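Undergrad: Just one file: entry-v7.cif, with mmCIF, N, CA and C atoms.
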```
data_entry
#
loop_
_atom_site.group_PDB
_atom_site.id
_atom_site.type_symbol
_atom_site.label_atom_id
_atom_site.label_comp_id
_atom_site.auth_asym_id
_atom_site.auth_seq_id
_atom_site.Cartn_x
_atom_site.Cartn_y
_atom_site.Cartn_z
ATOM 1 N N MET A 21 0.835 -1.179 0.000
ATOM 2 C CA MET A 21 0.000 0.000 0.000
ATOM 3 C C MET A 21 0.881 1.244 0.000
ATOM 4 N N THR A 22 0.492 2.252 -0.805
ATOM 5 C CA THR A 22 1.280 3.468 -0.949
ATOM 6 C C THR A 22 1.026 4.406 0.218
ATOM 7 N N GLN A 23 2.105 4.959 0.735
ATOM 8 C CA GLN A 23 2.015 5.913 1.841
ATOM 9 C C GLN A 23 1.900 7.316 1.262
ATOM 10 N N PHE A 24 0.857 8.044 1.619
ATOM 11 C CA PHE A 24 0.648 9.400 1.128
ATOM 12 C C PHE A 24 1.365 10.396 2.024
ATOM 13 N N PRO A 25 1.885 11.480 1.445
ATOM 14 C CA PRO A 25 2.569 12.487 2.268
ATOM 15 C C PRO A 25 1.577 13.238 3.153
ATOM 16 N N ASP A 26 2.074 13.753 4.259
ATOM 17 C CA ASP A 26 1.250 14.535 5.180
ATOM 18 C C ASP A 26 1.135 15.962 4.641
ATOM 19 N N LEU A 27 -0.059 16.325 4.191
ATOM 20 C CA LEU A 27 -0.283 17.656 3.618
ATOM 21 C C LEU A 27 -0.877 18.633 4.619
ATOM 22 N N THR A 28 -0.933 18.258 5.877
ATOM 23 C CA THR A 28 -1.533 19.124 6.892
ATOM 24 C C THR A 28 -0.498 19.946 7.642
ATOM 25 N N SER A 29 0.775 19.721 7.401
ATOM 26 C CA SER A 29 1.804 20.495 8.090
ATOM 27 C C SER A 29 2.675 21.194 7.046
ATOM 28 N N PHE A 30 3.213 22.339 7.421
ATOM 29 C CA PHE A 30 4.047 23.124 6.526
ATOM 30 C C PHE A 30 5.427 23.282 7.138
ATOM 31 N N SER A 31 6.430 23.274 6.286
ATOM 32 C CA SER A 31 7.776 23.551 6.768
ATOM 33 C C SER A 31 7.983 25.067 6.800
ATOM 34 N N LEU A 32 8.906 25.490 7.602
ATOM 35 C CA LEU A 32 9.205 26.918 7.712
ATOM 36 C C LEU A 32 9.685 27.471 6.373
ATOM 37 N N GLU A 33 10.473 26.674 5.650
ATOM 38 C CA GLU A 33 10.972 27.118 4.350
ATOM 39 C C GLU A 33 9.824 27.367 3.368
ATOM 40 N N ALA A 34 8.816 26.493 3.374
ATOM 41 C CA ALA A 34 7.682 26.661 2.461
ATOM 42 C C ALA A 34 6.899 27.924 2.797
ATOM 43 N N VAL A 35 6.648 28.155 4.066
ATOM 44 C CA VAL A 35 5.897 29.343 4.484
ATOM 45 C C VAL A 35 6.671 30.609 4.131
ATOM 46 N N LEU A 36 7.984 30.626 4.391
ATOM 47 C CA LEU A 36 8.790 31.802 4.067
ATOM 48 C C LEU A 36 8.861 32.033 2.560
ATOM 49 N N THR A 37 8.907 30.958 1.794
ATOM 50 C CA THR A 37 8.918 31.094 0.333
ATOM 51 C C THR A 37 7.612 31.706 -0.163
ATOM 52 N N ILE A 38 6.492 31.211 0.336
ATOM 53 C CA ILE A 38 5.190 31.745 -0.073
ATOM 54 C C ILE A 38 5.053 33.208 0.328
ATOM 55 N N LEU A 39 5.440 33.548 1.543
ATOM 56 C CA LEU A 39 5.362 34.942 1.988
ATOM 57 C C LEU A 39 6.293 35.838 1.184
ATOM 58 N N GLY A 40 7.474 35.336 0.827
ATOM 59 C CA GLY A 40 8.404 36.110 0.009
ATOM 60 C C GLY A 40 7.855 36.360 -1.382
ATOM 61 N N MET A 41 7.255 35.334 -1.987
ATOM 62 C CA MET A 41 6.665 35.501 -3.316
ATOM 63 C C MET A 41 5.500 36.478 -3.270
ATOM 64 N N ALA A 42 4.697 36.429 -2.215
ATOM 65 C CA ALA A 42 3.584 37.371 -2.072
ATOM 66 C C ALA A 42 4.106 38.795 -1.929
ATOM 67 N N ALA A 43 5.164 38.977 -1.141
ATOM 68 C CA ALA A 43 5.733 40.315 -0.948
ATOM 69 C C ALA A 43 6.274 40.872 -2.264
ATOM 70 N N VAL A 44 6.955 40.037 -3.034
ATOM 71 C CA VAL A 44 7.487 40.493 -4.325
ATOM 72 C C VAL A 44 6.354 40.834 -5.282
ATOM 73 N N THR A 45 5.316 39.995 -5.330
ATOM 74 C CA THR A 45 4.193 40.238 -6.232
ATOM 75 C C THR A 45 3.500 41.553 -5.903
ATOM 76 N N TYR A 46 3.161 41.760 -4.657
ATOM 77 C CA TYR A 46 2.473 42.997 -4.293
ATOM 78 C C TYR A 46 3.400 44.197 -4.325
ATOM 79 N N GLY A 47 4.689 43.977 -4.110
ATOM 80 C CA GLY A 47 5.653 45.061 -4.266
ATOM 81 C C GLY A 47 5.725 45.554 -5.697
ATOM 82 N N MET A 48 5.680 44.609 -6.649
ATOM 83 C CA MET A 48 5.679 44.988 -8.061
ATOM 84 C C MET A 48 4.415 45.767 -8.413
ATOM 85 N N ARG A 49 3.280 45.335 -7.886
ATOM 86 C CA ARG A 49 2.028 46.056 -8.153
ATOM 87 C C ARG A 49 2.074 47.464 -7.558
ATOM 88 N N LEU A 50 2.545 47.573 -6.335
ATOM 89 C CA LEU A 50 2.636 48.876 -5.687
ATOM 90 C C LEU A 50 3.613 49.772 -6.434
ATOM 91 N N GLY A 51 4.736 49.208 -6.857
ATOM 92 C CA GLY A 51 5.706 49.982 -7.628
ATOM 93 C C GLY A 51 5.109 50.497 -8.917
ATOM 94 N N GLY A 52 4.307 49.654 -9.584
ATOM 95 C CA GLY A 52 3.647 50.088 -10.812
ATOM 96 C C GLY A 52 2.691 51.235 -10.570
ATOM 97 N N LEU A 53 1.949 51.147 -9.473
ATOM 98 C CA LEU A 53 1.017 52.235 -9.151
ATOM 99 C C LEU A 53 1.748 53.527 -8.825
ATOM 100 N N LEU A 54 2.849 53.417 -8.095
ATOM 101 C CA LEU A 54 3.588 54.618 -7.710
ATOM 102 C C LEU A 54 4.345 55.236 -8.880
ATOM 103 N N MET A 55 4.740 54.418 -9.850
ATOM 104 C CA MET A 55 5.515 54.921 -10.986
ATOM 105 C C MET A 55 4.648 55.322 -12.174
ATOM 106 N N ALA A 56 3.366 55.007 -12.157
ATOM 107 C CA ALA A 56 2.509 55.225 -13.327
ATOM 108 C C ALA A 56 2.467 56.687 -13.760
ATOM 109 N N ASP A 57 2.459 57.604 -12.827
ATOM 110 C CA ASP A 57 2.368 59.018 -13.204
ATOM 111 C C ASP A 57 3.688 59.548 -13.760
ATOM 112 N N ARG A 58 4.770 58.816 -13.608
ATOM 113 C CA ARG A 58 6.064 59.254 -14.123
ATOM 114 C C ARG A 58 6.360 58.721 -15.519
ATOM 115 N N LEU A 59 5.516 57.845 -16.034
ATOM 116 C CA LEU A 59 5.718 57.302 -17.371
ATOM 117 C C LEU A 59 5.317 58.339 -18.415
ATOM 118 N N PRO A 60 5.971 58.301 -19.585
ATOM 119 C CA PRO A 60 5.628 59.283 -20.622
ATOM 120 C C PRO A 60 4.202 59.071 -21.129
ATOM 121 N N GLN A 61 3.503 60.167 -21.327
ATOM 122 C CA GLN A 61 2.122 60.119 -21.807
ATOM 123 C C GLN A 61 2.031 60.370 -23.308
ATOM 124 N N HIS A 62 3.077 60.923 -23.901
ATOM 125 C CA HIS A 62 3.080 61.260 -25.325
ATOM 126 C C HIS A 62 4.429 60.880 -25.907
ATOM 127 N N GLY A 63 4.459 60.697 -27.197
ATOM 128 C CA GLY A 63 5.720 60.446 -27.882
ATOM 129 C C GLY A 63 5.989 58.970 -28.130
ATOM 130 N N ARG A 64 7.222 58.726 -28.567
ATOM 131 C CA ARG A 64 7.633 57.389 -28.962
ATOM 132 C C ARG A 64 7.570 56.382 -27.811
ATOM 133 N N TRP A 65 8.072 56.742 -26.638
ATOM 134 C CA TRP A 65 8.081 55.803 -25.504
ATOM 135 C C TRP A 65 6.682 55.482 -25.021
ATOM 136 N N ALA A 66 5.789 56.425 -25.076
ATOM 137 C CA ALA A 66 4.395 56.142 -24.713
ATOM 138 C C ALA A 66 3.808 55.121 -25.674
ATOM 139 N N HIS A 67 4.114 55.247 -26.948
ATOM 140 C CA HIS A 67 3.635 54.299 -27.950
ATOM 141 C C HIS A 67 4.221 52.903 -27.692
ATOM 142 N N VAL A 68 5.503 52.825 -27.371
ATOM 143 C CA VAL A 68 6.155 51.540 -27.078
ATOM 144 C C VAL A 68 5.510 50.892 -25.858
ATOM 145 N N LEU A 69 5.275 51.666 -24.817
ATOM 146 C CA LEU A 69 4.692 51.118 -23.592
ATOM 147 C C LEU A 69 3.247 50.664 -23.791
ATOM 148 N N GLU A 70 2.529 51.300 -24.709
ATOM 149 C CA GLU A 70 1.163 50.855 -25.019
ATOM 150 C C GLU A 70 1.168 49.501 -25.697
ATOM 151 N N ARG A 71 2.184 49.221 -26.503
ATOM 152 C CA ARG A 71 2.259 47.977 -27.267
ATOM 153 C C ARG A 71 2.921 46.843 -26.488
ATOM 154 N N LEU A 72 3.571 47.126 -25.395
ATOM 155 C CA LEU A 72 4.341 46.124 -24.654
ATOM 156 C C LEU A 72 3.524 44.924 -24.167
ATOM 157 N N PRO A 73 2.329 45.088 -23.594
ATOM 158 C CA PRO A 73 1.581 43.903 -23.140
ATOM 159 C C PRO A 73 1.262 42.932 -24.272
ATOM 160 N N GLY A 74 0.919 43.416 -25.426
ATOM 161 C CA GLY A 74 0.653 42.535 -26.559
ATOM 162 C C GLY A 74 1.898 41.781 -26.992
ATOM 163 N N ALA A 75 3.043 42.456 -26.964
ATOM 164 C CA ALA A 75 4.297 41.803 -27.340
ATOM 165 C C ALA A 75 4.661 40.695 -26.356
ATOM 166 N N VAL A 76 4.416 40.937 -25.083
ATOM 167 C CA VAL A 76 4.699 39.912 -24.074
ATOM 168 C C VAL A 76 3.776 38.716 -24.270
ATOM 169 N N LEU A 77 2.492 38.959 -24.516
ATOM 170 C CA LEU A 77 1.559 37.856 -24.743
ATOM 171 C C LEU A 77 1.942 37.043 -25.973
ATOM 172 N N ILE A 78 2.322 37.707 -27.042
ATOM 173 C CA ILE A 78 2.707 36.993 -28.258
ATOM 174 C C ILE A 78 3.979 36.185 -28.029
ATOM 175 N N SER A 79 4.914 36.712 -27.244
ATOM 176 C CA SER A 79 6.149 35.965 -26.991
ATOM 177 C C SER A 79 5.897 34.698 -26.186
ATOM 178 N N VAL A 80 4.798 34.632 -25.468
ATOM 179 C CA VAL A 80 4.425 33.416 -24.747
ATOM 180 C C VAL A 80 3.541 32.539 -25.621
ATOM 181 N N TRP A 81 2.671 33.142 -26.381
ATOM 182 C CA TRP A 81 1.639 32.436 -27.142
ATOM 183 C C TRP A 81 2.202 31.701 -28.357
ATOM 184 N N VAL A 82 3.078 32.328 -29.128
ATOM 185 C CA VAL A 82 3.584 31.725 -30.357
ATOM 186 C C VAL A 82 4.380 30.446 -30.090
ATOM 187 N N PRO A 83 5.339 30.425 -29.159
ATOM 188 C CA PRO A 83 6.044 29.159 -28.911
ATOM 189 C C PRO A 83 5.113 28.039 -28.429
ATOM 190 N N SER A 84 4.099 28.387 -27.645
ATOM 191 C CA SER A 84 3.140 27.374 -27.195
ATOM 192 C C SER A 84 2.368 26.802 -28.373
ATOM 193 N N ALA A 85 1.926 27.659 -29.268
ATOM 194 C CA ALA A 85 1.179 27.191 -30.445
ATOM 195 C C ALA A 85 2.064 26.329 -31.331
ATOM 196 N N LEU A 86 3.301 26.738 -31.525
ATOM 197 C CA LEU A 86 4.203 25.970 -32.384
ATOM 198 C C LEU A 86 4.572 24.627 -31.762
ATOM 199 N N SER A 87 4.760 24.594 -30.455
ATOM 200 C CA SER A 87 5.128 23.329 -29.804
ATOM 201 C C SER A 87 3.952 22.356 -29.754
ATOM 202 N N ALA A 88 2.725 22.838 -29.926
ATOM 203 C CA ALA A 88 1.552 21.960 -29.924
ATOM 204 C C ALA A 88 1.363 21.264 -31.264
ATOM 205 N N GLY A 89 2.170 21.606 -32.251
ATOM 206 C CA GLY A 89 2.088 20.938 -33.542
ATOM 207 C C GLY A 89 1.047 21.572 -34.444
ATOM 208 N N ALA A 90 0.592 20.775 -35.413
ATOM 209 C CA ALA A 90 -0.330 21.282 -36.430
ATOM 210 C C ALA A 90 -1.637 21.768 -35.818
ATOM 211 N N ILE A 91 -2.149 21.058 -34.826
ATOM 212 C CA ILE A 91 -3.420 21.460 -34.227
ATOM 213 C C ILE A 91 -3.256 22.777 -33.451
ATOM 214 N N GLY A 92 -2.110 23.000 -32.838
ATOM 215 C CA GLY A 92 -1.858 24.262 -32.157
ATOM 216 C C GLY A 92 -1.753 25.420 -33.127
ATOM 217 N N ILE A 93 -1.101 25.174 -34.257
ATOM 218 C CA ILE A 93 -0.989 26.211 -35.284
ATOM 219 C C ILE A 93 -2.363 26.520 -35.869
ATOM 220 N N ALA A 94 -3.171 25.481 -36.099
ATOM 221 C CA ALA A 94 -4.524 25.697 -36.612
ATOM 222 C C ALA A 94 -5.371 26.480 -35.606
ATOM 223 N N GLY A 95 -5.231 26.166 -34.320
ATOM 224 C CA GLY A 95 -5.959 26.897 -33.283
ATOM 225 C C GLY A 95 -5.534 28.353 -33.220
ATOM 226 N N ALA A 96 -4.238 28.608 -33.345
ATOM 227 C CA ALA A 96 -3.728 29.977 -33.334
ATOM 228 C C ALA A 96 -4.244 30.744 -34.546
ATOM 229 N N ALA A 97 -4.220 30.091 -35.702
ATOM 230 C CA ALA A 97 -4.716 30.746 -36.917
ATOM 231 C C ALA A 97 -6.211 31.045 -36.799
ATOM 232 N N ALA A 98 -6.979 30.094 -36.256
ATOM 233 C CA ALA A 98 -8.417 30.319 -36.082
ATOM 234 C C ALA A 98 -8.670 31.469 -35.113
ATOM 235 N N THR A 99 -7.841 31.577 -34.079
ATOM 236 C CA THR A 99 -7.985 32.668 -33.118
ATOM 237 C C THR A 99 -7.724 34.012 -33.782
ATOM 238 N N VAL A 100 -6.654 34.087 -34.558
ATOM 239 C CA VAL A 100 -6.308 35.340 -35.236
ATOM 240 C C VAL A 100 -7.389 35.730 -36.243
ATOM 241 N N ILE A 101 -7.853 34.754 -37.030
ATOM 242 C CA ILE A 101 -8.880 35.045 -38.035
ATOM 243 C C ILE A 101 -10.179 35.488 -37.379
ATOM 244 N N THR A 102 -10.577 34.800 -36.300
ATOM 245 C CA THR A 102 -11.810 35.180 -35.596
ATOM 246 C C THR A 102 -11.685 36.568 -35.001
ATOM 247 N N MET A 103 -10.532 36.887 -34.451
ATOM 248 C CA MET A 103 -10.335 38.222 -33.873
ATOM 249 C C MET A 103 -10.393 39.287 -34.957
ATOM 250 N N ALA A 104 -9.816 38.998 -36.118
ATOM 251 C CA ALA A 104 -9.837 39.973 -37.218
ATOM 252 C C ALA A 104 -11.250 40.205 -37.739
ATOM 253 N N LEU A 105 -12.046 39.147 -37.782
ATOM 254 C CA LEU A 105 -13.402 39.273 -38.324
ATOM 255 C C LEU A 105 -14.408 39.776 -37.292
ATOM 256 N N ALA A 106 -14.366 39.219 -36.085
ATOM 257 C CA ALA A 106 -15.396 39.529 -35.093
ATOM 258 C C ALA A 106 -15.010 40.668 -34.153
ATOM 259 N N ARG A 107 -13.701 40.930 -34.012
ATOM 260 C CA ARG A 107 -13.219 41.942 -33.060
ATOM 261 C C ARG A 107 -13.738 41.687 -31.649
ATOM 262 N N ASN A 108 -13.806 40.401 -31.295
ATOM 263 C CA ASN A 108 -14.290 40.005 -29.976
ATOM 264 C C ASN A 108 -13.276 39.035 -29.383
ATOM 265 N N LEU A 109 -12.566 39.469 -28.341
ATOM 266 C CA LEU A 109 -11.500 38.658 -27.760
ATOM 267 C C LEU A 109 -12.027 37.343 -27.205
ATOM 268 N N PHE A 110 -13.156 37.392 -26.504
ATOM 269 C CA PHE A 110 -13.714 36.163 -25.921
ATOM 270 C C PHE A 110 -14.078 35.164 -27.018
ATOM 271 N N ALA A 111 -14.722 35.635 -28.078
ATOM 272 C CA ALA A 111 -15.100 34.739 -29.180
ATOM 273 C C ALA A 111 -13.859 34.153 -29.842
ATOM 274 N N ALA A 112 -12.836 34.959 -30.043
ATOM 275 C CA ALA A 112 -11.614 34.470 -30.679
ATOM 276 C C ALA A 112 -10.942 33.398 -29.826
ATOM 277 N N MET A 113 -10.842 33.640 -28.535
ATOM 278 C CA MET A 113 -10.238 32.650 -27.645
ATOM 279 C C MET A 113 -11.070 31.379 -27.598
ATOM 280 N N ALA A 114 -12.384 31.520 -27.572
ATOM 281 C CA ALA A 114 -13.258 30.345 -27.523
ATOM 282 C C ALA A 114 -13.118 29.513 -28.790
ATOM 283 N N VAL A 115 -13.080 30.159 -29.948
ATOM 284 C CA VAL A 115 -12.943 29.425 -31.209
ATOM 285 C C VAL A 115 -11.618 28.667 -31.240
ATOM 286 N N GLY A 116 -10.535 29.314 -30.853
ATOM 287 C CA GLY A 116 -9.231 28.654 -30.845
ATOM 288 C C GLY A 116 -9.186 27.482 -29.882
ATOM 289 N N MET A 117 -9.723 27.671 -28.685
ATOM 290 C CA MET A 117 -9.709 26.596 -27.686
ATOM 291 C C MET A 117 -10.584 25.423 -28.106
ATOM 292 N N VAL A 118 -11.749 25.717 -28.655
ATOM 293 C CA VAL A 118 -12.637 24.640 -29.099
ATOM 294 C C VAL A 118 -11.997 23.868 -30.248
ATOM 295 N N LEU A 119 -11.394 24.581 -31.195
ATOM 296 C CA LEU A 119 -10.741 23.907 -32.313
ATOM 297 C C LEU A 119 -9.626 22.986 -31.825
ATOM 298 N N VAL A 120 -8.802 23.456 -30.915
ATOM 299 C CA VAL A 120 -7.716 22.623 -30.393
ATOM 300 C C VAL A 120 -8.279 21.444 -29.605
ATOM 301 N N GLY A 121 -9.294 21.690 -28.777
ATOM 302 C CA GLY A 121 -9.887 20.603 -28.003
ATOM 303 C C GLY A 121 -10.503 19.530 -28.874
ATOM 304 N N VAL A 122 -11.263 19.942 -29.870
ATOM 305 C CA VAL A 122 -11.900 18.976 -30.780
ATOM 306 C C VAL A 122 -10.837 18.244 -31.595
ATOM 307 N N GLY A 123 -9.838 18.984 -32.049
ATOM 308 C CA GLY A 123 -8.758 18.359 -32.804
ATOM 309 C C GLY A 123 -7.998 17.330 -31.999
ATOM 310 N N ARG A 124 -7.714 17.647 -30.753
ATOM 311 C CA ARG A 124 -7.004 16.677 -29.898
ATOM 312 C C ARG A 124 -7.872 15.472 -29.574
ATOM 313 N N TYR A 125 -9.164 15.700 -29.449
ATOM 314 C CA TYR A 125 -10.069 14.582 -29.145
ATOM 315 C C TYR A 125 -10.159 13.614 -30.318
ATOM 316 N N PHE A 126 -10.316 14.152 -31.527
ATOM 317 C CA PHE A 126 -10.519 13.293 -32.686
ATOM 318 C C PHE A 126 -9.224 12.855 -33.352
ATOM 319 N N ILE A 127 -8.226 13.722 -33.376
ATOM 320 C CA ILE A 127 -6.977 13.403 -34.070
ATOM 321 C C ILE A 127 -5.924 12.908 -33.093
ATOM 322 N N GLY A 128 -5.928 13.446 -31.885
ATOM 323 C CA GLY A 128 -4.906 13.102 -30.900
ATOM 324 C C GLY A 128 -3.802 14.139 -30.922
ATOM 325 N N ASN A 129 -2.877 13.997 -29.990
ATOM 326 C CA ASN A 129 -1.818 14.996 -29.880
ATOM 327 C C ASN A 129 -0.524 14.440 -30.346
#
```
Using structure tokens, write down the structure from this file.
TA:
Amino acid sequence: MTQFPDLTSFSLEAVLTILGMAAVTYGMRLGGLLMADRLPQHGRWAHVLERLPGAVLISVWVPSALSAGAIGIAGAAATVITMALARNLFAAMAVGMVLVGVGRYFIGN
């Protein structure tokens, strides 16, 4: 019979790690709030900062789609096409996810 680990007790290292990660996360949020008024509102840097979240998402999204193979690429393409036609983020994400899910169910991964 397999012995299950005791999940009712925490080590000091685990608690300190969790508290440290929470402090860093909320510190970053607070820093963003405090620095927001110092960011450029006009010009080239303002334009770059407006585009930055999309660039970060694409840098995560494209490798994931490519590593998923043909069905991932098809899902990514369906998402982009749906977004271009419908201009609805939720609909685009739903179409891509459904296509990948159905493809994996019927074709496999």
Undergrad: Exactly which residues make up the result of the PyMOL selection byres ((chain A and resi 91) around 8) on this file, given as a list in words?
TA: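 Listing what the PyMOL selection byres ((chain A and resi 91) around 8) selects in the shown file: Ala85, Leu86, Ala88, Gly89, Ala90, Gly92, Ile93, Ala94, Gly95, Ala96, Ala97, Leu119, Val120, Gly121, Gly123, Arg124 and Asn129 of chain A.
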Undergrad: Starting from the displayed file, determine the output of the PyMOL selection byres ((chain A and resi 99) around 7) and express the residue list as a list in words.
TA: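 Written out, the selection comes to Ala94, Gly95, Ala96, Ala97, Ala98, Val100, Ile101, Thr102, Met103, Ala104, Ala111, Ala112, Met113, Val115, Gly116 and Met117 of chain A.
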Undergrad: Can you check which residues of chain A DSSP gives as helix (DSSP H, G or I) on the backbone and send them as number ranges by chain?
TA: A: 32-58, 64-87, 90-106, 109-126
Undergrad: For atom CA of Gly51 of chain A and atom CA of Pro73 of chain A, quote the distance in Å rounded to one decimal.
TA: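 Answer for the atom CA of Gly51 of chain A to atom CA of Pro73 of chain A separation: 17.2 Å.
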Undergrad: To one decimal place in Å, what is the distance between atom CA of Ala66 of chain A and atom CA of Leu109 of chain A?
TA: 23.8 Å
